[in-house]
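Engineer: Sharing a structure below in structure tokens format, with a few things to ask.
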Amino acid sequence: MLKKHSITIRGHRTSFSIEDEFYDELLALAESENKPLARLVSQIDDQRSPDTNLSSAIRLYVLKALKTRISDRDPDL
């Protein structure tokens, strides 16, 4: 289910809407990188292209991280 999440990055409030599964993975990634969620979202925001909204950028970040994790475990995939 799609849920809206509000967060403060660089001193201003913003929000993004992503599915629970992506949000759970985003939280896990922030924890594994030993970063507060706001810092990770800020980094994702900084790196996204201007034509990509924040919600999509977060989904793509999570997808890339999961694909990297799978590839690291089994390079033949």
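Quick note on naming: the chains in the structure tokens go A, B, ... in the order shown, residues restart at 1 in each chain, and ligands are numbered from 1 in order of appearance.
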Within chain A, find each residue whose DSSP state, derived from the backbone, is strand (DSSP E), and express the selection as a short mmCIF file (atom, residue, chain, number, x, y, z; two decimals) with N, CA and C atoms, in the first residue's frame.

Structural biologist:
```
data_model
loop_
_atom_site.label_atom_id
_atom_site.label_comp_id
_atom_site.auth_asym_id
_atom_site.auth_seq_id
_atom_site.Cartn_x
_atom_site.Cartn_y
_atom_site.Cartn_z
N LEU A 2 0.51 2.20 -0.79
CA LEU A 2 1.24 3.45 -0.91
C LEU A 2 0.96 4.34 0.31
N LYS A 3 2.03 4.80 0.96
CA LYS A 3 1.87 5.68 2.11
C LYS A 3 2.73 6.92 1.94
N LYS A 4 2.22 8.03 2.44
CA LYS A 4 2.94 9.29 2.40
C LYS A 4 3.78 9.41 3.68
N HIS A 5 5.04 9.78 3.50
CA HIS A 5 5.96 9.96 4.63
C HIS A 5 6.51 11.37 4.57
N SER A 6 6.52 12.04 5.71
CA SER A 6 7.07 13.39 5.80
C SER A 6 8.41 13.33 6.50
N ILE A 7 9.34 14.18 6.04
CA ILE A 7 10.68 14.18 6.59
C ILE A 7 11.27 15.58 6.44
N THR A 8 12.20 15.91 7.30
CA THR A 8 12.90 17.19 7.20
C THR A 8 14.29 16.93 6.65
N ILE A 9 14.59 17.55 5.52
CA ILE A 9 15.94 17.47 4.95
C ILE A 9 16.42 18.87 4.64
N HIS A 12 14.12 21.83 5.68
CA HIS A 12 12.74 22.04 5.23
C HIS A 12 12.00 20.70 5.15
N ARG A 13 10.71 20.80 5.35
CA ARG A 13 9.86 19.61 5.31
C ARG A 13 9.55 19.24 3.87
N THR A 14 9.58 17.95 3.61
CA THR A 14 9.19 17.43 2.31
C THR A 14 8.51 16.10 2.56
N SER A 15 7.92 15.56 1.53
CA SER A 15 7.26 14.26 1.69
C SER A 15 7.48 13.43 0.44
N PHE A 16 7.31 12.13 0.63
CA PHE A 16 7.39 11.19 -0.47
C PHE A 16 6.37 10.10 -0.21
N SER A 17 5.90 9.49 -1.26
CA SER A 17 4.91 8.42 -1.16
C SER A 17 5.48 7.16 -1.78
N ILE A 18 5.66 6.14 -0.95
CA ILE A 18 6.17 4.87 -1.43
C ILE A 18 5.44 3.73 -0.72
N GLU A 19 5.55 2.56 -1.30
CA GLU A 19 4.92 1.37 -0.73
C GLU A 19 5.65 0.96 0.54
#
```

Engineer: Enumerate as an MDAnalysis selection string all residues of segment 6-60 of chain A assigned to helix (DSSP H, G or I) by DSSP on the backbone, naming them with the chain letters and numbers the document uses.

Structural biologist: chainID A and resid 20:32 37:47 54:60

Engineer: Take the residues just selected and output them with N, CA and C atoms as a PDB file, in the first residue's frame.

Structural biologist:
```
ATOM      1  N   ASP A  20       4.913   0.276   1.429  1.00  0.00           N
ATOM      2  CA  ASP A  20       5.480  -0.162   2.711  1.00  0.00           C
ATOM      3  C   ASP A  20       6.757  -0.969   2.525  1.00  0.00           C
ATOM      4  N   GLU A  21       6.787  -1.834   1.516  1.00  0.00           N
ATOM      5  CA  GLU A  21       7.957  -2.685   1.293  1.00  0.00           C
ATOM      6  C   GLU A  21       9.195  -1.858   0.953  1.00  0.00           C
ATOM      7  N   PHE A  22       9.030  -0.826   0.146  1.00  0.00           N
ATOM      8  CA  PHE A  22      10.160   0.050  -0.173  1.00  0.00           C
ATOM      9  C   PHE A  22      10.584   0.847   1.058  1.00  0.00           C
ATOM     10  N   TYR A  23       9.615   1.301   1.843  1.00  0.00           N
ATOM     11  CA  TYR A  23       9.945   2.068   3.048  1.00  0.00           C
ATOM     12  C   TYR A  23      10.710   1.198   4.041  1.00  0.00           C
ATOM     13  N   ASP A  24      10.273  -0.033   4.226  1.00  0.00           N
ATOM     14  CA  ASP A  24      10.969  -0.949   5.138  1.00  0.00           C
ATOM     15  C   ASP A  24      12.413  -1.168   4.697  1.00  0.00           C
ATOM     16  N   GLU A  25      12.619  -1.358   3.400  1.00  0.00           N
ATOM     17  CA  GLU A  25      13.973  -1.546   2.877  1.00  0.00           C
ATOM     18  C   GLU A  25      14.799  -0.268   3.008  1.00  0.00           C
ATOM     19  N   LEU A  26      14.172   0.880   2.807  1.00  0.00           N
ATOM     20  CA  LEU A  26      14.869   2.152   2.967  1.00  0.00           C
ATOM     21  C   LEU A  26      15.361   2.310   4.404  1.00  0.00           C
ATOM     22  N   LEU A  27      14.511   1.987   5.361  1.00  0.00           N
ATOM     23  CA  LEU A  27      14.912   2.032   6.775  1.00  0.00           C
ATOM     24  C   LEU A  27      16.072   1.084   7.047  1.00  0.00           C
ATOM     25  N   ALA A  28      16.000  -0.120   6.492  1.00  0.00           N
ATOM     26  CA  ALA A  28      17.067  -1.112   6.682  1.00  0.00           C
ATOM     27  C   ALA A  28      18.378  -0.620   6.060  1.00  0.00           C
ATOM     28  N   LEU A  29      18.293   0.011   4.895  1.00  0.00           N
ATOM     29  CA  LEU A  29      19.494   0.542   4.258  1.00  0.00           C
ATOM     30  C   LEU A  29      20.109   1.662   5.089  1.00  0.00           C
ATOM     31  N   ALA A  30      19.284   2.546   5.609  1.00  0.00           N
ATOM     32  CA  ALA A  30      19.798   3.625   6.457  1.00  0.00           C
ATOM     33  C   ALA A  30      20.504   3.043   7.673  1.00  0.00           C
ATOM     34  N   GLU A  31      19.902   2.028   8.258  1.00  0.00           N
ATOM     35  CA  GLU A  31      20.512   1.387   9.432  1.00  0.00           C
ATOM     36  C   GLU A  31      21.827   0.702   9.047  1.00  0.00           C
ATOM     37  N   SER A  32      21.825  -0.015   7.926  1.00  0.00           N
ATOM     38  CA  SER A  32      23.043  -0.736   7.520  1.00  0.00           C
ATOM     39  C   SER A  32      24.166   0.229   7.141  1.00  0.00           C
ATOM     40  N   LEU A  37      17.757   8.311   8.731  1.00  0.00           N
ATOM     41  CA  LEU A  37      16.935   8.244   7.534  1.00  0.00           C
ATOM     42  C   LEU A  37      16.947   9.578   6.780  1.00  0.00           C
ATOM     43  N   ALA A  38      16.872  10.676   7.486  1.00  0.00           N
ATOM     44  CA  ALA A  38      16.856  11.993   6.834  1.00  0.00           C
ATOM     45  C   ALA A  38      18.126  12.230   6.024  1.00  0.00           C
ATOM     46  N   ARG A  39      19.260  11.790   6.525  1.00  0.00           N
ATOM     47  CA  ARG A  39      20.509  11.981   5.785  1.00  0.00           C
ATOM     48  C   ARG A  39      20.513  11.148   4.504  1.00  0.00           C
ATOM     49  N   LEU A  40      20.056   9.897   4.599  1.00  0.00           N
ATOM     50  CA  LEU A  40      20.011   9.047   3.414  1.00  0.00           C
ATOM     51  C   LEU A  40      19.057   9.632   2.369  1.00  0.00           C
ATOM     52  N   VAL A  41      17.890  10.065   2.799  1.00  0.00           N
ATOM     53  CA  VAL A  41      16.927  10.654   1.856  1.00  0.00           C
ATOM     54  C   VAL A  41      17.502  11.933   1.246  1.00  0.00           C
ATOM     55  N   SER A  42      18.210  12.708   2.025  1.00  0.00           N
ATOM     56  CA  SER A  42      18.843  13.923   1.513  1.00  0.00           C
ATOM     57  C   SER A  42      19.873  13.583   0.443  1.00  0.00           C
ATOM     58  N   GLN A  43      20.661  12.538   0.661  1.00  0.00           N
ATOM     59  CA  GLN A  43      21.648  12.113  -0.335  1.00  0.00           C
ATOM     60  C   GLN A  43      20.969  11.625  -1.614  1.00  0.00           C
ATOM     61  N   ILE A  44      19.899  10.868  -1.460  1.00  0.00           N
ATOM     62  CA  ILE A  44      19.141  10.413  -2.623  1.00  0.00           C
ATOM     63  C   ILE A  44      18.592  11.616  -3.382  1.00  0.00           C
ATOM     64  N   ASP A  45      18.066  12.576  -2.647  1.00  0.00           N
ATOM     65  CA  ASP A  45      17.511  13.796  -3.254  1.00  0.00           C
ATOM     66  C   ASP A  45      18.588  14.558  -4.015  1.00  0.00           C
ATOM     67  N   ASP A  46      19.776  14.660  -3.434  1.00  0.00           N
ATOM     68  CA  ASP A  46      20.882  15.375  -4.081  1.00  0.00           C
ATOM     69  C   ASP A  46      21.322  14.697  -5.377  1.00  0.00           C
ATOM     70  N   GLN A  47      21.230  13.379  -5.432  1.00  0.00           N
ATOM     71  CA  GLN A  47      21.750  12.621  -6.568  1.00  0.00           C
ATOM     72  C   GLN A  47      20.726  12.397  -7.681  1.00  0.00           C
ATOM     73  N   LEU A  54      11.129  12.633  -6.026  1.00  0.00           N
ATOM     74  CA  LEU A  54      11.801  12.021  -4.883  1.00  0.00           C
ATOM     75  C   LEU A  54      11.304  10.603  -4.626  1.00  0.00           C
ATOM     76  N   SER A  55      10.019  10.380  -4.732  1.00  0.00           N
ATOM     77  CA  SER A  55       9.476   9.035  -4.491  1.00  0.00           C
ATOM     78  C   SER A  55      10.083   8.022  -5.455  1.00  0.00           C
ATOM     79  N   SER A  56      10.158   8.370  -6.711  1.00  0.00           N
ATOM     80  CA  SER A  56      10.749   7.474  -7.705  1.00  0.00           C
ATOM     81  C   SER A  56      12.233   7.273  -7.450  1.00  0.00           C
ATOM     82  N   ALA A  57      12.926   8.339  -7.096  1.00  0.00           N
ATOM     83  CA  ALA A  57      14.355   8.242  -6.814  1.00  0.00           C
ATOM     84  C   ALA A  57      14.617   7.296  -5.640  1.00  0.00           C
ATOM     85  N   ILE A  58      13.768   7.343  -4.637  1.00  0.00           N
ATOM     86  CA  ILE A  58      13.923   6.446  -3.486  1.00  0.00           C
ATOM     87  C   ILE A  58      13.702   4.998  -3.922  1.00  0.00           C
ATOM     88  N   ARG A  59      12.666   4.760  -4.694  1.00  0.00           N
ATOM     89  CA  ARG A  59      12.411   3.391  -5.183  1.00  0.00           C
ATOM     90  C   ARG A  59      13.604   2.875  -5.987  1.00  0.00           C
ATOM     91  N   LEU A  60      14.140   3.710  -6.874  1.00  0.00           N
ATOM     92  CA  LEU A  60      15.278   3.305  -7.692  1.00  0.00           C
ATOM     93  C   LEU A  60      16.518   3.041  -6.838  1.00  0.00           C
TER      94      LEU A  60
END
```

Engineer: Take atom CA of Gly11 of chain A and atom CA of Val62 of chain A and report the distance between them in Å, one decimal.

Structural biologist: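 Distance between the two atoms: 23.9 Å.
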